[in-house]
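J.: Contents of coords-v3.csv (CSV, C-alpha atoms and all ligand atoms):
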```csv
chain,number,residue,atom,x,y,z
A,1,MET,CA,188.0,202.7,-63.8
A,2,MET,CA,191.5,201.8,-62.7
A,3,ASN,CA,193.8,204.7,-61.9
A,4,GLU,CA,197.4,204.9,-63.0
A,5,ASN,CA,198.8,203.7,-59.7
A,6,GLN,CA,196.6,200.6,-59.6
A,7,LEU,CA,197.6,199.8,-63.1
A,8,SER,CA,201.3,200.2,-62.5
A,9,ARG,CA,201.0,198.1,-59.3
A,10,ARG,CA,199.4,195.3,-61.3
A,11,GLN,CA,202.1,195.6,-63.9
A,12,VAL,CA,204.7,195.2,-61.2
A,13,ILE,CA,203.0,192.2,-59.6
A,14,GLY,CA,202.5,190.6,-63.0
A,15,GLY,CA,206.1,191.5,-64.1
A,16,ILE,CA,204.8,193.3,-67.2
A,17,GLY,CA,206.6,196.4,-68.1
A,18,SER,CA,208.1,196.4,-64.7
A,19,GLY,CA,210.9,198.8,-65.7
A,20,VAL,CA,208.4,201.5,-66.6
A,21,ALA,CA,206.3,200.8,-63.6
A,22,ALA,CA,209.2,200.8,-61.2
A,23,SER,CA,210.5,204.1,-62.6
A,24,MET,CA,207.0,205.6,-62.2
A,25,MET,CA,207.0,204.5,-58.6
A,26,ALA,CA,210.4,205.9,-58.0
A,27,THR,CA,209.6,209.3,-59.5
A,28,SER,CA,206.1,209.6,-57.8
A,29,GLY,CA,207.2,208.4,-54.4
A,30,PHE,CA,204.5,205.7,-54.8
A,31,ALA,CA,204.8,203.8,-51.6
A,32,ALA,CA,206.2,206.3,-49.2
A,33,SER,CA,204.3,209.6,-49.9
A,34,ASN,CA,201.2,209.0,-51.8
A,35,PRO,CA,198.4,209.1,-49.2
A,36,GLY,CA,195.8,209.4,-51.9
A,37,ASN,CA,196.6,205.9,-53.0
A,38,ALA,CA,195.6,204.4,-49.7
A,39,THR,CA,197.0,201.0,-50.4
A,40,SER,CA,196.1,199.7,-46.9
A,41,ALA,CA,192.6,201.0,-46.9
A,42,PRO,CA,189.9,198.3,-47.3
A,43,ALA,CA,188.1,198.3,-50.7
A,44,ALA,CA,184.9,200.3,-50.8
A,45,PRO,CA,182.0,197.9,-51.2
A,46,LEU,CA,180.7,197.5,-54.8
A,47,VAL,CA,177.2,199.0,-55.0
A,48,ASP,CA,174.7,197.3,-57.4
A,49,PRO,CA,172.8,200.2,-59.2
A,50,THR,CA,169.8,198.0,-59.8
A,51,THR,CA,169.1,197.5,-56.1
A,52,LYS,CA,170.5,200.7,-54.7
A,53,TYR,CA,167.2,202.6,-54.7
A,54,PRO,CA,163.4,201.9,-54.7
A,55,LYS,CA,161.8,200.3,-57.7
A,56,PRO,CA,158.3,200.5,-58.9
A,57,PRO,CA,155.4,200.0,-58.2
A,58,PHE,CA,155.1,203.3,-56.5
A,59,ASN,CA,152.2,204.9,-54.7
A,60,THR,CA,153.2,208.5,-54.0
A,61,PRO,CA,150.4,211.1,-53.6
A,62,MET,CA,149.7,213.4,-56.5
A,63,GLN,CA,150.4,217.1,-55.5
A,64,PRO,CA,149.5,220.5,-56.8
A,65,PHE,CA,152.3,222.3,-58.7
A,66,PRO,CA,155.1,222.8,-57.8
A,67,GLY,CA,155.0,220.0,-55.3
A,68,LEU,CA,157.2,219.2,-52.2
A,69,ALA,CA,159.9,216.6,-51.9
A,70,SER,CA,158.9,216.2,-48.2
A,71,LYS,CA,155.4,214.9,-49.3
A,72,MET,CA,156.8,212.2,-51.6
A,73,ASN,CA,156.7,208.6,-50.7
A,74,PRO,CA,159.4,207.3,-50.7
A,75,ARG,CA,161.2,210.6,-50.1
A,76,PRO,CA,163.8,211.3,-52.8
A,77,ASP,CA,167.5,211.0,-51.9
A,78,HIS,CA,169.3,214.3,-52.5
A,79,GLY,CA,172.5,213.1,-50.8
A,80,GLU,CA,171.5,214.5,-47.4
A,81,THR,CA,173.2,211.7,-45.6
A,82,SER,CA,175.5,210.3,-48.3
A,83,TYR,CA,177.3,213.0,-50.2
A,84,LYS,CA,180.9,213.5,-49.1
A,85,GLY,CA,182.9,216.5,-50.3
A,86,SER,CA,186.6,216.9,-50.9
A,87,GLY,CA,187.1,220.6,-51.4
A,88,ARG,CA,186.6,220.6,-55.1
A,89,LEU,CA,184.7,223.9,-55.1
A,90,GLN,CA,186.4,225.6,-52.1
A,91,GLY,CA,185.4,229.3,-51.9
A,92,ARG,CA,183.2,229.2,-55.0
A,93,LYS,CA,180.0,231.2,-55.1
A,94,ALA,CA,177.0,229.4,-56.7
A,95,LEU,CA,173.4,230.4,-57.6
A,96,ILE,CA,171.1,227.5,-58.2
A,97,THR,CA,167.5,227.9,-59.4
A,98,GLY,CA,165.0,225.2,-58.3
A,99,GLY,CA,167.5,224.6,-55.4
A,100,ASP,CA,164.8,223.5,-52.9
A,101,SER,CA,164.2,220.0,-54.3
A,102,GLY,CA,165.2,217.5,-56.9
A,103,MET,CA,168.4,217.9,-58.9
A,104,GLY,CA,168.9,221.5,-57.7
A,105,ARG,CA,168.8,220.5,-54.1
A,106,ALA,CA,171.2,217.6,-54.7
A,107,ALA,CA,173.6,220.1,-56.4
A,108,ALA,CA,173.2,222.6,-53.5
A,109,ILE,CA,174.1,220.0,-50.9
A,110,ALA,CA,177.0,218.7,-52.9
A,111,TYR,CA,178.3,222.2,-53.7
A,112,ALA,CA,178.2,223.2,-50.0
A,113,ARG,CA,180.0,220.0,-49.0
A,114,GLU,CA,182.6,220.8,-51.7
A,115,GLY,CA,183.2,224.2,-50.0
A,116,ALA,CA,181.0,226.6,-52.0
A,117,ASP,CA,178.7,229.3,-50.7
A,118,VAL,CA,175.2,228.7,-52.2
A,119,ALA,CA,172.2,230.9,-53.1
A,120,ILE,CA,169.0,229.1,-54.0
A,121,ASN,CA,165.9,230.2,-55.8
A,122,TYR,CA,162.5,228.5,-55.5
A,123,LEU,CA,158.8,229.4,-55.5
A,124,PRO,CA,157.3,230.8,-52.3
A,125,ALA,CA,155.1,227.7,-52.0
A,126,GLU,CA,158.3,225.6,-51.6
A,127,GLU,CA,159.5,227.3,-48.5
A,128,PRO,CA,159.4,224.1,-46.4
A,129,ASP,CA,161.7,222.2,-48.8
A,130,ALA,CA,163.9,225.3,-49.2
A,131,LYS,CA,164.3,225.6,-45.4
A,132,GLU,CA,165.7,222.1,-45.2
A,133,VAL,CA,168.3,222.9,-47.9
A,134,ILE,CA,169.3,226.2,-46.2
A,135,ASP,CA,169.8,224.4,-42.9
A,136,LEU,CA,172.0,221.7,-44.7
A,137,ILE,CA,174.2,224.3,-46.4
A,138,LYS,CA,174.6,226.2,-43.1
A,139,LYS,CA,175.6,223.0,-41.3
A,140,GLU,CA,178.6,222.8,-43.6
A,141,GLY,CA,179.7,226.3,-42.4
A,142,ARG,CA,178.9,227.8,-45.8
A,143,LYS,CA,176.8,230.9,-46.6
A,144,ALA,CA,173.3,230.0,-47.6
A,145,ILE,CA,171.1,232.5,-49.3
A,146,ALA,CA,167.4,231.9,-49.9
A,147,ILE,CA,165.8,234.0,-52.6
A,148,PRO,CA,162.2,232.9,-53.3
A,149,GLY,CA,160.4,234.3,-56.4
A,150,ASP,CA,158.8,233.6,-59.7
A,151,LEU,CA,161.2,233.2,-62.6
A,152,ARG,CA,158.6,234.0,-65.2
A,153,ASP,CA,159.1,237.6,-64.3
A,154,GLU,CA,162.1,239.4,-65.9
A,155,ALA,CA,162.4,242.0,-63.2
A,156,PHE,CA,162.6,239.3,-60.6
A,157,CYS,CA,165.3,237.4,-62.5
A,158,LYS,CA,167.4,240.5,-62.5
A,159,ARG,CA,166.8,241.0,-58.8
A,160,LEU,CA,167.6,237.4,-58.1
A,161,VAL,CA,171.1,237.8,-59.6
A,162,ASP,CA,171.6,241.1,-57.8
A,163,GLU,CA,170.7,239.6,-54.4
A,164,ALA,CA,172.7,236.5,-55.0
A,165,VAL,CA,175.8,238.5,-56.0
A,166,LYS,CA,175.3,240.8,-53.0
A,167,GLY,CA,174.7,237.9,-50.5
A,168,LEU,CA,177.6,235.7,-51.8
A,169,GLY,CA,180.0,238.5,-52.6
A,170,GLY,CA,180.2,237.5,-56.3
A,171,LEU,CA,179.1,234.7,-58.6
A,172,ASP,CA,181.2,232.0,-60.3
A,173,ILE,CA,178.8,229.1,-60.7
A,174,LEU,CA,175.3,229.6,-62.2
A,175,VAL,CA,173.0,226.6,-62.4
A,176,ASN,CA,169.8,227.2,-64.4
A,177,ASN,CA,167.9,224.2,-63.2
A,178,ALA,CA,164.3,225.3,-62.4
A,179,GLY,CA,161.8,223.8,-64.8
A,180,ARG,CA,158.1,223.5,-65.5
A,181,GLN,CA,156.7,220.2,-66.8
A,182,GLN,CA,152.9,219.8,-67.0
A,183,GLN,CA,151.9,216.9,-69.1
A,184,ARG,CA,149.0,217.2,-71.5
A,185,GLU,CA,147.6,214.2,-73.4
A,186,SER,CA,146.8,216.3,-76.5
A,187,ILE,CA,148.1,219.5,-78.0
A,188,LEU,CA,144.4,220.4,-78.1
A,189,ASP,CA,144.4,220.4,-74.2
A,190,LEU,CA,147.4,222.7,-74.1
A,191,THR,CA,146.4,226.3,-73.5
A,192,THR,CA,148.3,229.4,-74.6
A,193,GLU,CA,148.7,230.2,-70.8
A,194,ASP,CA,150.3,226.7,-70.3
A,195,PHE,CA,152.6,227.0,-73.3
A,196,ASP,CA,153.6,230.5,-72.2
A,197,ALA,CA,154.3,229.5,-68.6
A,198,THR,CA,156.5,226.6,-69.8
A,199,MET,CA,158.5,228.8,-72.2
A,200,LYS,CA,158.9,231.6,-69.6
A,201,THR,CA,160.2,229.3,-66.9
A,202,ASN,CA,162.4,227.0,-69.0
A,203,ILE,CA,163.7,229.3,-71.8
A,204,TYR,CA,163.1,233.0,-70.9
A,205,ALA,CA,164.3,232.7,-67.3
A,206,PRO,CA,167.8,231.3,-68.1
A,207,PHE,CA,168.1,234.0,-70.8
A,208,TRP,CA,167.3,236.8,-68.4
A,209,ILE,CA,169.4,235.3,-65.6
A,210,ILE,CA,172.5,234.7,-67.7
A,211,LYS,CA,172.3,238.3,-69.1
A,212,ALA,CA,172.1,239.6,-65.5
A,213,ALA,CA,174.9,237.3,-64.3
A,214,LEU,CA,177.5,237.6,-67.0
A,215,PRO,CA,178.8,241.0,-66.0
A,216,HIS,CA,179.7,239.5,-62.6
A,217,MET,CA,181.4,236.3,-63.9
A,218,GLN,CA,185.2,236.2,-64.2
A,219,PRO,CA,187.2,233.8,-66.4
A,220,GLY,CA,187.0,230.3,-64.8
A,221,SER,CA,183.3,230.8,-64.0
A,222,VAL,CA,180.7,228.2,-65.3
A,223,ILE,CA,177.1,228.1,-66.4
A,224,ILE,CA,175.2,224.8,-66.2
A,225,GLY,CA,171.8,224.1,-67.6
A,226,THR,CA,169.5,221.2,-66.8
A,227,THR,CA,168.2,219.8,-70.0
A,228,SER,CA,166.7,216.3,-70.4
A,229,GLU,CA,166.5,213.0,-72.3
A,230,GLN,CA,163.4,214.7,-73.6
A,231,ALA,CA,165.6,217.0,-75.8
A,232,TYR,CA,166.4,214.0,-77.9
A,233,ASP,CA,163.5,211.6,-77.5
A,234,PRO,CA,160.4,213.6,-76.7
A,235,SER,CA,157.3,212.0,-75.1
A,236,PRO,CA,154.0,212.5,-76.9
A,237,ASN,CA,152.4,214.2,-73.9
A,238,LEU,CA,155.3,216.7,-73.3
A,239,TYR,CA,154.9,218.8,-76.5
A,240,ASP,CA,155.8,222.1,-74.9
A,241,TYR,CA,158.2,220.9,-72.2
A,242,ALA,CA,160.3,218.7,-74.5
A,243,GLN,CA,161.0,221.5,-76.9
A,244,THR,CA,162.2,223.7,-74.1
A,245,LYS,CA,164.7,221.0,-73.2
A,246,ALA,CA,165.9,220.9,-76.8
A,247,ALA,CA,166.3,224.6,-76.6
A,248,THR,CA,168.3,224.3,-73.4
A,249,MET,CA,170.7,221.7,-75.0
A,250,ASN,CA,171.0,224.1,-77.9
A,251,TYR,CA,171.7,227.3,-75.9
A,252,VAL,CA,174.4,225.4,-74.0
A,253,LYS,CA,176.2,224.7,-77.2
A,254,SER,CA,175.8,228.1,-78.7
A,255,LEU,CA,176.7,230.0,-75.6
A,256,ALA,CA,179.8,227.7,-75.0
A,257,LYS,CA,181.1,229.0,-78.3
A,258,GLN,CA,180.3,232.6,-77.5
A,259,LEU,CA,181.8,232.6,-74.0
A,260,GLY,CA,184.7,230.2,-74.5
A,261,PRO,CA,187.0,233.0,-75.5
A,262,LYS,CA,186.1,234.8,-72.3
A,263,GLY,CA,187.0,231.8,-70.2
A,264,ILE,CA,183.5,230.9,-69.2
A,265,ARG,CA,182.4,227.3,-69.7
A,266,VAL,CA,178.8,226.4,-70.4
A,267,ASN,CA,177.5,222.8,-70.1
A,268,GLY,CA,174.3,220.9,-69.5
A,269,VAL,CA,173.1,217.9,-67.6
A,270,ALA,CA,170.5,215.5,-69.2
A,271,PRO,CA,168.7,213.5,-66.6
A,272,GLY,CA,166.4,210.6,-67.5
A,273,PRO,CA,163.4,209.7,-65.2
A,274,ILE,CA,164.3,211.0,-61.8
A,275,TRP,CA,162.2,210.8,-58.6
A,276,THR,CA,161.4,214.4,-57.9
A,277,PRO,CA,158.3,216.5,-57.0
A,278,LEU,CA,158.1,217.6,-60.7
A,279,GLN,CA,156.5,214.2,-61.5
A,280,PRO,CA,153.7,213.9,-59.0
A,281,SER,CA,152.8,217.6,-59.4
A,282,GLY,CA,151.6,217.4,-63.0
A,283,GLY,CA,154.7,216.2,-64.8
A,284,ALA,CA,153.5,212.7,-65.1
A,285,THR,CA,150.0,211.0,-65.0
A,286,ALA,CA,149.0,209.0,-61.9
A,287,GLU,CA,149.1,205.9,-64.0
A,288,LYS,CA,152.7,206.6,-65.3
A,289,LEU,CA,153.9,207.3,-61.7
A,290,LYS,CA,153.0,203.8,-60.6
A,291,THR,CA,155.6,202.3,-62.9
A,292,PHE,CA,157.9,205.4,-63.1
A,293,GLY,CA,161.4,204.5,-64.2
A,294,GLY,CA,160.6,200.8,-64.4
A,295,ASP,CA,161.5,200.7,-68.1
A,296,SER,CA,165.0,202.0,-67.6
A,297,ALA,CA,167.9,199.6,-68.0
A,298,LEU,CA,168.3,199.6,-64.2
A,299,GLY,CA,164.6,198.9,-63.6
A,300,ARG,CA,164.0,202.0,-61.5
A,301,PRO,CA,164.0,205.8,-61.6
A,302,GLY,CA,167.1,207.7,-60.7
A,303,GLN,CA,167.4,209.7,-57.5
A,304,PRO,CA,168.6,213.3,-57.5
A,305,ALA,CA,171.7,212.3,-55.4
A,306,GLU,CA,172.9,210.2,-58.4
A,307,LEU,CA,173.4,213.4,-60.4
A,308,ALA,CA,175.1,215.5,-57.8
A,309,SER,CA,178.6,214.5,-58.8
A,310,ILE,CA,177.9,215.5,-62.4
A,311,TYR,CA,176.9,219.1,-61.3
A,312,VAL,CA,180.1,219.2,-59.2
A,313,GLN,CA,182.3,217.8,-62.0
A,314,LEU,CA,181.0,220.4,-64.5
A,315,ALA,CA,181.6,223.2,-62.0
A,316,ALA,CA,185.1,222.1,-60.9
A,317,SER,CA,188.0,223.8,-62.5
A,318,ASP,CA,189.8,220.5,-63.2
A,319,ALA,CA,187.1,220.0,-65.9
A,320,SER,CA,188.5,223.0,-67.7
A,321,PHE,CA,188.3,221.6,-71.2
A,322,ALA,CA,184.6,220.6,-70.9
A,323,THR,CA,182.4,223.2,-72.5
A,324,GLY,CA,179.4,222.9,-74.8
A,325,GLN,CA,178.9,219.4,-73.4
A,326,ILE,CA,175.8,217.6,-72.2
A,327,TYR,CA,176.5,215.0,-69.6
A,328,GLY,CA,173.7,212.4,-69.2
A,329,ALA,CA,172.4,210.2,-66.4
A,330,SER,CA,169.4,208.6,-67.8
A,331,GLY,CA,169.6,204.9,-66.7
A,332,GLY,CA,170.4,203.5,-70.1
A,333,LYS,CA,168.3,205.7,-72.4
A,334,GLY,CA,168.7,209.2,-73.9
A,335,GLN,CA,171.3,210.5,-76.3
A,336,PRO,CA,173.3,213.4,-74.9
A,401,LIG,P1,161.8,219.7,-58.9
A,401,LIG,O1,160.3,219.9,-58.9
A,401,LIG,O2,162.4,219.3,-57.7
A,401,LIG,O3,162.5,221.0,-59.4
A,401,LIG,C1,162.0,222.0,-60.3
A,401,LIG,C2,162.0,223.3,-59.6
A,401,LIG,O4,161.7,224.3,-60.6
A,401,LIG,C3,161.1,223.5,-58.5
A,401,LIG,O5,161.6,223.0,-57.3
A,401,LIG,C4,160.8,225.0,-58.5
A,401,LIG,O6,161.5,225.6,-57.5
A,401,LIG,C5,161.3,225.4,-59.8
A,401,LIG,N1,160.3,226.2,-60.6
A,401,LIG,C6,159.4,225.8,-61.4
A,401,LIG,N2,158.7,226.9,-61.9
A,401,LIG,C7,159.2,228.0,-61.3
A,401,LIG,C8,159.0,229.4,-61.4
A,401,LIG,N3,158.0,229.9,-62.2
A,401,LIG,N4,159.8,230.2,-60.7
A,401,LIG,C9,160.8,229.8,-59.9
A,401,LIG,N5,161.0,228.4,-59.8
A,401,LIG,C10,160.3,227.6,-60.5
A,401,LIG,O7,162.1,218.7,-60.1
A,401,LIG,P2,163.4,218.3,-60.8
A,401,LIG,O8,163.0,217.1,-61.6
A,401,LIG,O9,164.5,218.2,-59.9
A,401,LIG,O10,163.6,219.4,-61.9
A,401,LIG,C11,164.9,220.1,-62.1
A,401,LIG,C12,165.2,220.2,-63.5
A,401,LIG,O11,165.4,218.8,-64.0
A,401,LIG,C13,164.1,220.8,-64.4
A,401,LIG,O12,164.7,221.6,-65.3
A,401,LIG,C14,163.6,219.6,-65.1
A,401,LIG,O13,163.0,219.9,-66.4
A,401,LIG,C15,164.8,218.7,-65.2
A,401,LIG,N6,164.5,217.3,-65.5
A,401,LIG,C16,163.8,216.5,-64.6
A,401,LIG,C17,163.6,215.1,-64.9
A,401,LIG,C18,162.9,214.2,-64.0
A,401,LIG,O14,162.5,213.1,-64.4
A,401,LIG,N7,162.6,214.6,-62.8
A,401,LIG,C19,164.2,214.6,-66.1
A,401,LIG,C20,164.9,215.4,-66.9
A,401,LIG,C21,165.1,216.7,-66.6
A,402,MG,MG,160.7,222.1,-55.5
```
Show me this structure written as C-alpha cells.
Ligand code: NAD
Ligand code: MG

T.:
Amino acid sequence: MMNENQLSRRQVIGGIGSGVAASMMATSGFAASNPGNATSAPAAPLVDPTTKYPKPPFNTPMQPFPGLASKMNPRPDHGETSYKGSGRLQGRKALITGGDSGMGRAAAIAYAREGADVAINYLPAEEPDAKEVIDLIKKEGRKAIAIPGDLRDEAFCKRLVDEAVKGLGGLDILVNNAGRQQQRESILDLTTEDFDATMKTNIYAPFWIIKAALPHMQPGSVIIGTTSEQAYDPSPNLYDYAQTKAATMNYVKSLAKQLGPKGIRVNGVAPGPIWTPLQPSGGATAEKLKTFGGDSALGRPGQPAELASIYVQLAASDASFATGQIYGASGGKGQP
C-alpha cells in the first residue's frame, strides 16, 4: 500500500493536484524533517510469497503430543532471525499461552523485539522449545518468565496468571493461544476423554485465565485469542477441535462487547494451515502432512513468523478501534 507521502510525491511529479500536495509538503516539512520517509533509502526487495518458504512434499517425523518445533523438518520459522521491532509495545507486559512453539513463539519473539516483557506457558514436556524462546526474549534485554503447567487444570490457570503478574509486575496483553488438536477419522473414534481434553484446553482454559487476569488489566489492555479457519470451514476429522475454534471466535465477539466500555479490546487471529508441531503430533495424519498446505492459494503452508505482525498489530495501542475482530492469515482460504 502506498503511504500518503508517496502518493503526494507522485502527484507532484505528475503535476496532479500539485497545489494540495505542495501545501502538504510545506506543512509536514516533507523533505527536510521526515526521516521516516527515507526518500534516499533503497527500495526493500519485493518478496514473492509463493517461494518465500518450503512447499510440499514434506517428510517431517510424526511426534507424540505435544511435539517439539526443534524436531520438525524443515524447522518452522518463528522470526528468530528475521523479526525486527520498532518499539510498538515498549514496556508492555504480556502473557502468552503455548509460547514455546508455533504462533505463540512467533508472538513472544515479536513482542520482546517490540519492547515488551513476556511470560510464556507451555507443557513441561516442551521445556527444550521453551528454553530457546526464553533465551531469545532475554537477548532483547526484556524480562522472560517461564511458567510450565497443564491448562486443563483450573487451579493452575489461576496460578499461571498470579505468577505472570508477579513476575512481570502487571499484565496488559493476554494471548490465549494454546490449543489441542488431535484428529479422529470418525466421531466413533473420539472418546469422552479426548473430547473433554480438547474442550478443557481450548475453551475452559481461556475462560479461567481471562477471569483471573481481568482484575489486573487496566484500560488500554488487550486480550487476543487464536481461533482458526476451522471455525468457519471445519474439516470432517476435526469434529471436536473445530467447534472449539468456533467458540473462540464467538467469545472474542461477545467479550469485546462486554469489555469495550472498560477500555479493554478483545480480538482473534484465524490462521490457516501453519507449519507447527501441532500438526505432526496428532493434528494431521501422516498422509495429510506430506502435502500440508499445498492446496492453499500460495501452494505452501504458512510459517508462524508470517503471523507475528498480526499479534503485534492487535496488541498495539494504535489499533485502538479494533475490537471484536478476527484477523486472518490463511493463504487464500478461510472466512474471518
Ligand atoms: P503448537 O503446537 O506450536 O502450539 C500449541 C501449544 O498449545 C503447544 O505448544 C502447547 O504448549 C500448548 N498446549 C496444548 N495443550 C496444553 C495444555 N493442556 N496445557 C498447556 N499448554 C498446552 O501449534 P500452533 O499451531 O502454533 O498452535 C497455536 C494455536 O494456533 C492453537 O490454538 C491452534 O489451535 C491454532 N491454530 C493452528 C493452526 C495450524 O495449522 N498450525 C491453524 C489454525 C489455528
Ligand atoms: Mg509447543

J.: Pick out the residues no farther than 7 Å from ligand LIG 401 (chain A), counting only C-alpha atoms and all ligand atoms, and list them as JSON, numbers by chain.

T.: {"A": [66, 67, 69, 97, 98, 99, 100, 101, 102, 103, 104, 121, 122, 123, 126, 149, 150, 151, 152, 177, 178, 179, 180, 181, 201, 202, 226, 227, 228, 229, 230, 270, 271, 272, 273, 274, 275, 276, 277, 278, 279, 304]}

J.: For the point (160.8, 203.5, -63.1) in file coordinates, what residues are within 10 Å, counting only C-alpha atoms? Give the answer as a short mmCIF file (atom, residue, chain, number, x, y, z; two decimals) with C-alpha atoms, keeping the file's coordinate frame?

T.:
```cif
data_model
loop_
_atom_site.label_atom_id
_atom_site.label_comp_id
_atom_site.auth_asym_id
_atom_site.auth_seq_id
_atom_site.Cartn_x
_atom_site.Cartn_y
_atom_site.Cartn_z
CA PRO A 54 163.40 201.90 -54.70
CA LYS A 55 161.80 200.30 -57.70
CA PRO A 56 158.30 200.50 -58.90
CA PRO A 57 155.40 200.00 -58.20
CA PHE A 58 155.10 203.30 -56.50
CA PRO A 273 163.40 209.70 -65.20
CA ILE A 274 164.30 211.00 -61.80
CA TRP A 275 162.20 210.80 -58.60
CA LYS A 288 152.70 206.60 -65.30
CA LEU A 289 153.90 207.30 -61.70
CA LYS A 290 153.00 203.80 -60.60
CA THR A 291 155.60 202.30 -62.90
CA PHE A 292 157.90 205.40 -63.10
CA GLY A 293 161.40 204.50 -64.20
CA GLY A 294 160.60 200.80 -64.40
CA ASP A 295 161.50 200.70 -68.10
CA SER A 296 165.00 202.00 -67.60
CA ALA A 297 167.90 199.60 -68.00
CA LEU A 298 168.30 199.60 -64.20
CA GLY A 299 164.60 198.90 -63.60
CA ARG A 300 164.00 202.00 -61.50
CA PRO A 301 164.00 205.80 -61.60
CA GLY A 302 167.10 207.70 -60.70
CA GLY A 331 169.60 204.90 -66.70
#
```

J.: What residues have an atom no more than 10 Å from (177.9, 224.9, -71.4) in the file's own frame, counting only C-alpha atoms, and can you write them as a list in words?

T.: Val222, Ile223, Ile224, Gly225, Thr248, Met249, Asn250, Tyr251, Val252, Lys253, Ser254, Leu255, Ala256, Lys257, Leu259, Gly260, Ile264, Arg265, Val266, Asn267, Gly268, Val269, Leu314, Ala322, Thr323, Gly324, Gln325 and Ile326 of chain A

J.: Do you have the atom CA of Gly170 of chain A-atom CA of Glu306 of chain A distance handy?

T.: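 It comes out at 28.3 Å.
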
J.: Rounded to one decimal place, report the atom CA of Lys158 of chain A-atom CA of Ile209 of chain A distance in Å.

T.: 6.4 Å

J.: Which residue is closest to Ile173 of chain A? Choose from A:Gly91, A:Pro61, A:Pro74, A:Gly332 and count all atoms listed in the file.

T.: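 Comparing A:Gly91, A:Pro61, A:Pro74, A:Gly332 against Ile173 of chain A, the winner is A:Gly91.
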
J.: Enter the distance from atom CA of Ala308 of chain A to atom CA of Tyr83 of chain A, in Å, rounded to one decimal.

T.: 8.3 Å

J.: Return the single residue from A:Arg88, A:Lys138, A:Lys333, A:Lys211 that is closest to Leu160 of chain A, with distances computed using only C-alpha atoms.

T.: A:Lys211

J.: Determine the nearest neighbour of Ile137 of chain A from the options A:Tyr241, A:Tyr53, A:Phe321, A:Tyr111, counting all atoms listed in the file.

T.: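 Smallest separation from Ile137 of chain A among the options: A:Tyr111.
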
J.: Can you list, as JSON, numbers by chain, every protein, DNA or RNA residue that comes within 12 Å of Ala164 of chain A when you count only C-alpha atoms, leaving out same-chain residues fewer than 4 positions away?

T.: {"A": [93, 94, 95, 96, 97, 117, 118, 119, 120, 121, 143, 144, 145, 146, 147, 148, 156, 157, 158, 159, 160, 168, 169, 170, 171, 172, 173, 174, 209, 212, 213, 216]}

J.: Just the residues within 10 Å of Pro234 of chain A, please, counting all atoms listed in the file, with nothing from its chain fewer than 5 positions along; format it as an NGL selection string.

T.: :A and (228-229 or 239-243 or 245-246 or 334)

J.: Could you list, as a ChimeraX atom specification, every residue within 9 Å of Ala110 of chain A, counting only C-alpha atoms and ignoring same-chain residues fewer than 4 positions away?

T.: /A:78-80,83-85,105-106,114-116,305,308-309,311-312

J.: Could you write those residues out with C-alpha atoms, as a PDB file, keeping the file's coordinate frame?

T.:
```
ATOM      1  CA  HIS A  78     169.300 214.300 -52.500  1.00  0.00           C
ATOM      2  CA  GLY A  79     172.500 213.100 -50.800  1.00  0.00           C
ATOM      3  CA  GLU A  80     171.500 214.500 -47.400  1.00  0.00           C
ATOM      4  CA  TYR A  83     177.300 213.000 -50.200  1.00  0.00           C
ATOM      5  CA  LYS A  84     180.900 213.500 -49.100  1.00  0.00           C
ATOM      6  CA  GLY A  85     182.900 216.500 -50.300  1.00  0.00           C
ATOM      7  CA  ARG A 105     168.800 220.500 -54.100  1.00  0.00           C
ATOM      8  CA  ALA A 106     171.200 217.600 -54.700  1.00  0.00           C
ATOM      9  CA  GLU A 114     182.600 220.800 -51.700  1.00  0.00           C
ATOM     10  CA  GLY A 115     183.200 224.200 -50.000  1.00  0.00           C
ATOM     11  CA  ALA A 116     181.000 226.600 -52.000  1.00  0.00           C
ATOM     12  CA  ALA A 305     171.700 212.300 -55.400  1.00  0.00           C
ATOM     13  CA  ALA A 308     175.100 215.500 -57.800  1.00  0.00           C
ATOM     14  CA  SER A 309     178.600 214.500 -58.800  1.00  0.00           C
ATOM     15  CA  TYR A 311     176.900 219.100 -61.300  1.00  0.00           C
ATOM     16  CA  VAL A 312     180.100 219.200 -59.200  1.00  0.00           C
TER      17      VAL A 312
END
```

J.: Between A:Leu89, A:Thr81, A:Gln218, A:Ala155, which one has atoms that come closest to Leu136 of chain A, using all atoms listed in the file?

T.: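 Smallest distance to Leu136 of chain A is found for A:Thr81.
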